[in-house]
Each structure stands twice: as structure tokens, then as C-alpha cells.
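Colleague: Sharing a structure, written as C-alpha cells. Questions coming.
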Amino acid sequence: MSSMTRRNFFATIGAAGALALAGCNGSGQPAESTDDTQTTDEASYTLVKEGVLTNVAELGFAPFEYIDDEGTTVGFDVDLSNAIAEKMGLTCEWLPNQAFDTLVPTIKQGGKADISIAGMTISDERLEQVDFSDPYLNSNQGIVAAAGSDLNSESLNAEGMQVACQTGTTGDEWISENLPNATKVPLADVTAALMGISTGLYNAMVIDLPVAQNMIAESFSDLEVVEEIPTGEQYGIAVSKDNPGLLAAINDALAAIEEDGTMDEIKQKWFGTTEI
Ligand code: ARG
């Protein structure tokens with residue numbers, strides 16, 4: 001997709017949108033075309049709220065989505081979804097914080113949020129429930145423990161070891177599969193889990209590596225990543241299976257953002273590098 005023009009962009013949406021249910025339109029696209037060679041300039045997708053791309057996420061996942069000191073929702077995913085919305089001629093809104101394991105069901109059920117952009121890994125299991133956009137970032141897992149604790153995936157796989165995770169995440173699944181002898185402690189909140197390691201309640205946590213690194217650098221200097229786990233995950237944006245036109249429009253917007261340098265700018269801003 002090296003040179004997608006605005007015309008191609010809308011034509012693609014039109015074609016994909018034709019698959020959507022009749023009567024499903026309601027985007028913020030200007031209906032200004034008089035060009036008969038195109039199906040329509042109006043993207044055929046539904047939105048919960050006219051002209052708005054409504055996001056739902058768990059908002060304790062810095063630097064992807066979190067609430068800053070002023071109470072504003074910020075992060076890599078926030079900038080990315082703003083950029084996507086802008087390409088689509090929409091504005092962007094975030095619903096209040098929701099537990100991570102409720103996000104896929106919320107998108108599947110529909111009516112509340114259009115998308116979930118939440119540092120969410122594309123997985124076969126989730127693909128049974130929702131669609132995902134093209135991948136937008138690569139990620140791995142990391143094991144976090146007290147600095148200098150000498151723990152690793154081998155020593156943690158033992159009776160009496162308390163290993164925390166965020167409920168319903170890929171870290172949660174990784175513990176089940178790889179640390180069968182440890183006690184898994186699923187928690188809704190990442191900060192609570194890390195705090196629990198600081199205070200000695202838990203031995204370790206398994207969590208997305210970029211988040212582990214960010215949180216340790218920002219607020220947990222007493223903790224460290226004791227082991228990196230190369231899971232090779234890819235983040236994608238969850239969209240309802242009933243909204244294929246929206247998925248197509250988001251993929252087109254993502255491609256445009258990759259191509260015009262916006263993605264690199266956002267990566268640079270949040271990670272200080274474009275190599276992530
Ligand atoms: N990447 C992991 C997963 O998809 C963790 C995502 C957690 N995201 C969040 N906003 N809390 O399972």
C-alpha cells in the first residue's frame with residue numbers, strides 16, 4: 001500500500017462497506033462526491049455516536065493508556081486513536097476505565113464502544129469473538145520481581161511462589177501454561193500488582209515488557225525485569241465482527257498513518273525511538 005490516494009482510500013471503504021448491512025452508514029465522512037465512478041464517498045459503517053470514534057480500554061497500562069495527574073487519558077494508544085479518527089474525519093472519545101477482561105465482550109456485544117485500542121494482543125481465541133485491525137506494534141512479555149531477587153521462570157515455577165498478572169491478559173495465560181507449580185494471582189490493576197511485589201505480597205508479575213519497563217522507570221525503582229519472554233505478540237485494534245466497514249476504514253487510516261510518518265512520530269514521543 002505504497003501510495004494510497006484519498007480517492008483509493010474512499011473507494012476501498014466503499015467496497016468493503018458494501019459488505020456491511022444495508023442502512024449502515026453514519027460516519028463523519030463528508031458526502032460530497034458527485035463522481036459516479038465510485039460507489040460512494042460515504043463510508044458504510046456504524047458508530048455508537050455520530051461523528052465520534054468511541055474507544056473502550058483498561059486505563060492503567062502506561063505508556064499505552066493511562067490517566068495523568070490532571071485526570072486526562074493519555075498514552076501511545078490515545079495519540080494513535082486520535083490520529084486514526086482524524087484520518088476518518090471523526091473525533092475521538094474514551095469511555096471510563098473498564099477491566100481488561102471485559103473489553104472483548106463489550107466490543108462483541110456492541111452498542112457502547114466502536115473500538116478497543118488497549119495494547120491488546122491479537123490472538124486466535126479473541127479472533128473468535130471480535131475482529132482485529134492490522135497489527136500496529138510488536139510486544140513481548142517480561143517477568144518483574146524485586147531488584148536483585150535472582151528469580152526467573154525456573155525458580156518461580158515452584159510451590160508457594162505467588163505470581164501476579166492482569167486478569168485475562170496474555171501474561172495471565174503465560175503463567176498458566178509455563179508456571180503450573182506456582183500460584184497465579186490475577187488482579188484487575190497493574191499498579192496494585194507491582195505494589196504487591198514491592199511490599200513482598202507477591203514474588204513476581206508477568207506483564208507486557210514495554211509496560212513493565214515504563215512502570216519500573218516511572219514509579220518502581222525497587223523492581224526490575226528479571227527475564228524477558230519472547231512471545232512475539234502483536235497489538236491490534238478490536239472491532240465488532242458486525243462492523244466490517246469500520247474495520248476496513250481503520251486499516252486504511254492505519255496504513256496512511258504508517259506512511260505519512262505519524263506512526264513514527266508517536267513512537268518517538270512515547271518510546272524515544274521508532275524501532276519498537
Ligand atoms: N497485551 C496484553 C493482552 O492483550 C495485555 C493488554 C493489557 N491492556 C490494558 N490496557 N490493560 O492480553
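Every chain in the C-alpha cells takes a letter, A first, then B, and so on in the order presented; its residues are numbered from 1, and the ligands are numbered from 1 following the presented order.
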Which residues form the shell of 7 Å around ligand 1 when you count only C-alpha atoms and all ligand atoms, given as a ChimeraX atom specification?

Modeller: /A:57-61,65,100,118-122,168-171,207-208,235

Colleague: Those selected residues, please, written with C-alpha atoms and delivered as a short mmCIF file (atom, residue, chain, number, x, y, z; two decimals), in the first residue's frame.

Modeller:
data_model
loop_
_atom_site.label_atom_id
_atom_site.label_comp_id
_atom_site.auth_asym_id
_atom_site.auth_seq_id
_atom_site.Cartn_x
_atom_site.Cartn_y
_atom_site.Cartn_z
CA ALA A 57 -9.94 0.34 27.37
CA GLU A 58 -8.47 -0.51 30.71
CA LEU A 59 -6.70 2.74 31.53
CA GLY A 60 -3.90 1.59 33.82
CA PHE A 61 -1.45 0.47 31.17
CA GLU A 65 -3.27 4.28 28.03
CA PHE A 100 -9.32 -5.58 30.74
CA ALA A 118 -5.80 -1.18 24.62
CA GLY A 119 -2.37 -2.64 23.99
CA MET A 120 -4.39 -5.70 23.09
CA THR A 121 -2.64 -8.71 21.62
CA ILE A 122 -4.18 -10.29 18.55
CA GLY A 168 -7.46 -12.06 31.20
CA THR A 169 -4.20 -10.91 29.63
CA THR A 170 -1.65 -12.90 27.69
CA GLY A 171 0.55 -12.73 30.81
CA ILE A 207 3.24 -8.39 32.02
CA ASP A 208 3.89 -6.81 28.62
CA TYR A 235 -1.15 -5.39 19.19
#

Colleague: Output as a list in words all residues of range 134-215 of chain A that backbone DSSP marks as alpha helix (DSSP H).

Modeller: Thr170, Gly171, Asp172, Glu173, Trp174, Ile175, Ser176, Glu177, Asn178, Val190, Thr191, Ala192, Ala193, Leu194, Met195, Gly196, Ile197, Ser198, Leu209, Pro210, Val211, Ala212, Gln213, Asn214 and Met215 of chain A

Colleague: Residues of range 95-204 of chain A classed as strand (DSSP E or B) by DSSP on the backbone are to be reported as a list of chain:residue names.

Modeller: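 Result set for range 95-204 of chain A (strand (DSSP E or B)): A:Ile115, A:Ser116, A:Thr121, A:Asp131, A:Phe132, A:Leu137, A:Asn138, A:Ser139, A:Asn140, A:Gln141, A:Gly142, A:Ile143, A:Val144, A:Ala145, A:Ala146, A:Gln162, A:Val163, A:Ala164, A:Cys165, A:Gln166, A:Thr183, A:Lys184, A:Val185, A:Pro186, A:Leu187, A:Ala204.
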
Colleague: Okay, now the selection with N, CA, C and O atoms, as a tab-separated table (two decimals), in the first residue's frame?

Modeller:
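Okay, part.tsv is ready:
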chain	number	residue	atom	x	y	z
A	115	ILE	N	-14.54	0.72	19.18
A	115	ILE	CA	-13.27	0.00	19.12
A	115	ILE	C	-12.66	-0.14	20.52
A	115	ILE	O	-13.00	0.63	21.43
A	116	SER	N	-11.79	-1.10	20.65
A	116	SER	CA	-10.94	-1.15	21.84
A	116	SER	C	-9.51	-1.13	21.38
A	116	SER	O	-9.04	-2.05	20.70
A	121	THR	N	-3.29	-7.74	22.49
A	121	THR	CA	-2.64	-8.71	21.62
A	121	THR	C	-3.66	-9.43	20.74
A	121	THR	O	-4.70	-9.87	21.24
A	131	ASP	N	-13.12	-8.89	15.55
A	131	ASP	CA	-12.11	-8.73	14.51
A	131	ASP	C	-10.98	-7.86	15.06
A	131	ASP	O	-11.19	-7.09	16.01
A	132	PHE	N	-9.81	-7.98	14.44
A	132	PHE	CA	-8.70	-7.10	14.79
A	132	PHE	C	-8.20	-6.37	13.55
A	132	PHE	O	-8.20	-6.93	12.45
A	137	LEU	N	1.82	-2.74	16.60
A	137	LEU	CA	3.03	-2.71	17.44
A	137	LEU	C	3.40	-4.12	17.88
A	137	LEU	O	2.51	-4.93	18.12
A	138	ASN	N	4.69	-4.40	17.98
A	138	ASN	CA	5.15	-5.69	18.47
A	138	ASN	C	5.45	-5.61	19.96
A	138	ASN	O	5.88	-4.58	20.45
A	139	SER	N	5.20	-6.71	20.65
A	139	SER	CA	5.45	-6.71	22.08
A	139	SER	C	5.85	-8.10	22.55
A	139	SER	O	5.61	-9.09	21.87
A	140	ASN	N	6.47	-8.14	23.73
A	140	ASN	CA	6.82	-9.40	24.38
A	140	ASN	C	6.37	-9.31	25.83
A	140	ASN	O	5.87	-8.27	26.27
A	141	GLN	N	6.56	-10.40	26.57
A	141	GLN	CA	6.27	-10.37	28.00
A	141	GLN	C	7.57	-10.20	28.79
A	141	GLN	O	8.67	-10.44	28.27
A	142	GLY	N	7.42	-9.79	30.03
A	142	GLY	CA	8.56	-9.70	30.93
A	142	GLY	C	8.15	-10.17	32.31
A	142	GLY	O	6.98	-10.06	32.69
A	143	ILE	N	9.10	-10.75	33.03
A	143	ILE	CA	8.85	-11.12	34.43
A	143	ILE	C	9.45	-10.02	35.30
A	143	ILE	O	10.65	-9.72	35.18
A	144	VAL	N	8.61	-9.42	36.13
A	144	VAL	CA	9.05	-8.36	37.04
A	144	VAL	C	9.15	-8.93	38.45
A	144	VAL	O	8.24	-9.64	38.90
A	145	ALA	N	10.25	-8.63	39.11
A	145	ALA	CA	10.43	-9.06	40.51
A	145	ALA	C	11.26	-8.01	41.24
A	145	ALA	O	11.71	-7.04	40.62
A	146	ALA	N	11.43	-8.18	42.52
A	146	ALA	CA	12.25	-7.24	43.28
A	146	ALA	C	13.67	-7.21	42.71
A	146	ALA	O	14.21	-8.26	42.35
A	162	GLN	N	4.11	-16.83	44.45
A	162	GLN	CA	2.90	-16.06	44.09
A	162	GLN	C	3.25	-15.19	42.89
A	162	GLN	O	4.05	-14.27	43.01
A	163	VAL	N	2.64	-15.50	41.77
A	163	VAL	CA	2.96	-14.75	40.55
A	163	VAL	C	1.71	-14.02	40.05
A	163	VAL	O	0.72	-14.65	39.67
A	164	ALA	N	1.79	-12.70	40.06
A	164	ALA	CA	0.63	-11.87	39.70
A	164	ALA	C	0.57	-11.61	38.19
A	164	ALA	O	1.56	-11.75	37.47
A	165	CYS	N	-0.63	-11.24	37.76
A	165	CYS	CA	-0.82	-10.85	36.36
A	165	CYS	C	-2.09	-9.99	36.30
A	165	CYS	O	-2.84	-9.93	37.28
A	166	GLN	N	-2.30	-9.35	35.16
A	166	GLN	CA	-3.58	-8.66	34.98
A	166	GLN	C	-4.57	-9.68	34.41
A	166	GLN	O	-4.27	-10.38	33.44
A	183	THR	N	1.55	-20.32	42.26
A	183	THR	CA	0.17	-19.85	42.46
A	183	THR	C	-0.01	-18.58	41.65
A	183	THR	O	0.69	-17.58	41.86
A	184	LYS	N	-0.94	-18.61	40.72
A	184	LYS	CA	-1.21	-17.43	39.90
A	184	LYS	C	-2.16	-16.50	40.65
A	184	LYS	O	-3.14	-16.95	41.24
A	185	VAL	N	-1.84	-15.20	40.61
A	185	VAL	CA	-2.70	-14.21	41.28
A	185	VAL	C	-3.20	-13.19	40.24
A	185	VAL	O	-2.53	-12.20	39.97
A	186	PRO	N	-4.37	-13.42	39.67
A	186	PRO	CA	-4.89	-12.48	38.68
A	186	PRO	C	-5.51	-11.27	39.37
A	186	PRO	O	-6.30	-11.41	40.30
A	187	LEU	N	-5.13	-10.08	38.92
A	187	LEU	CA	-5.62	-8.83	39.52
A	187	LEU	C	-6.09	-7.90	38.43
A	187	LEU	O	-5.59	-7.92	37.30
A	204	ALA	N	6.39	-12.10	41.98
A	204	ALA	CA	6.68	-11.60	40.64
A	204	ALA	C	5.39	-11.26	39.91
A	204	ALA	O	4.29	-11.56	40.40

Colleague: Using only C-alpha atoms, can you tell me which of A:Ala212, A:Val206, A:Val239, A:Ala62 comes closest to Val74 in chain A?

Modeller: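 Smallest distance to Val74 in chain A is found for A:Ala62.
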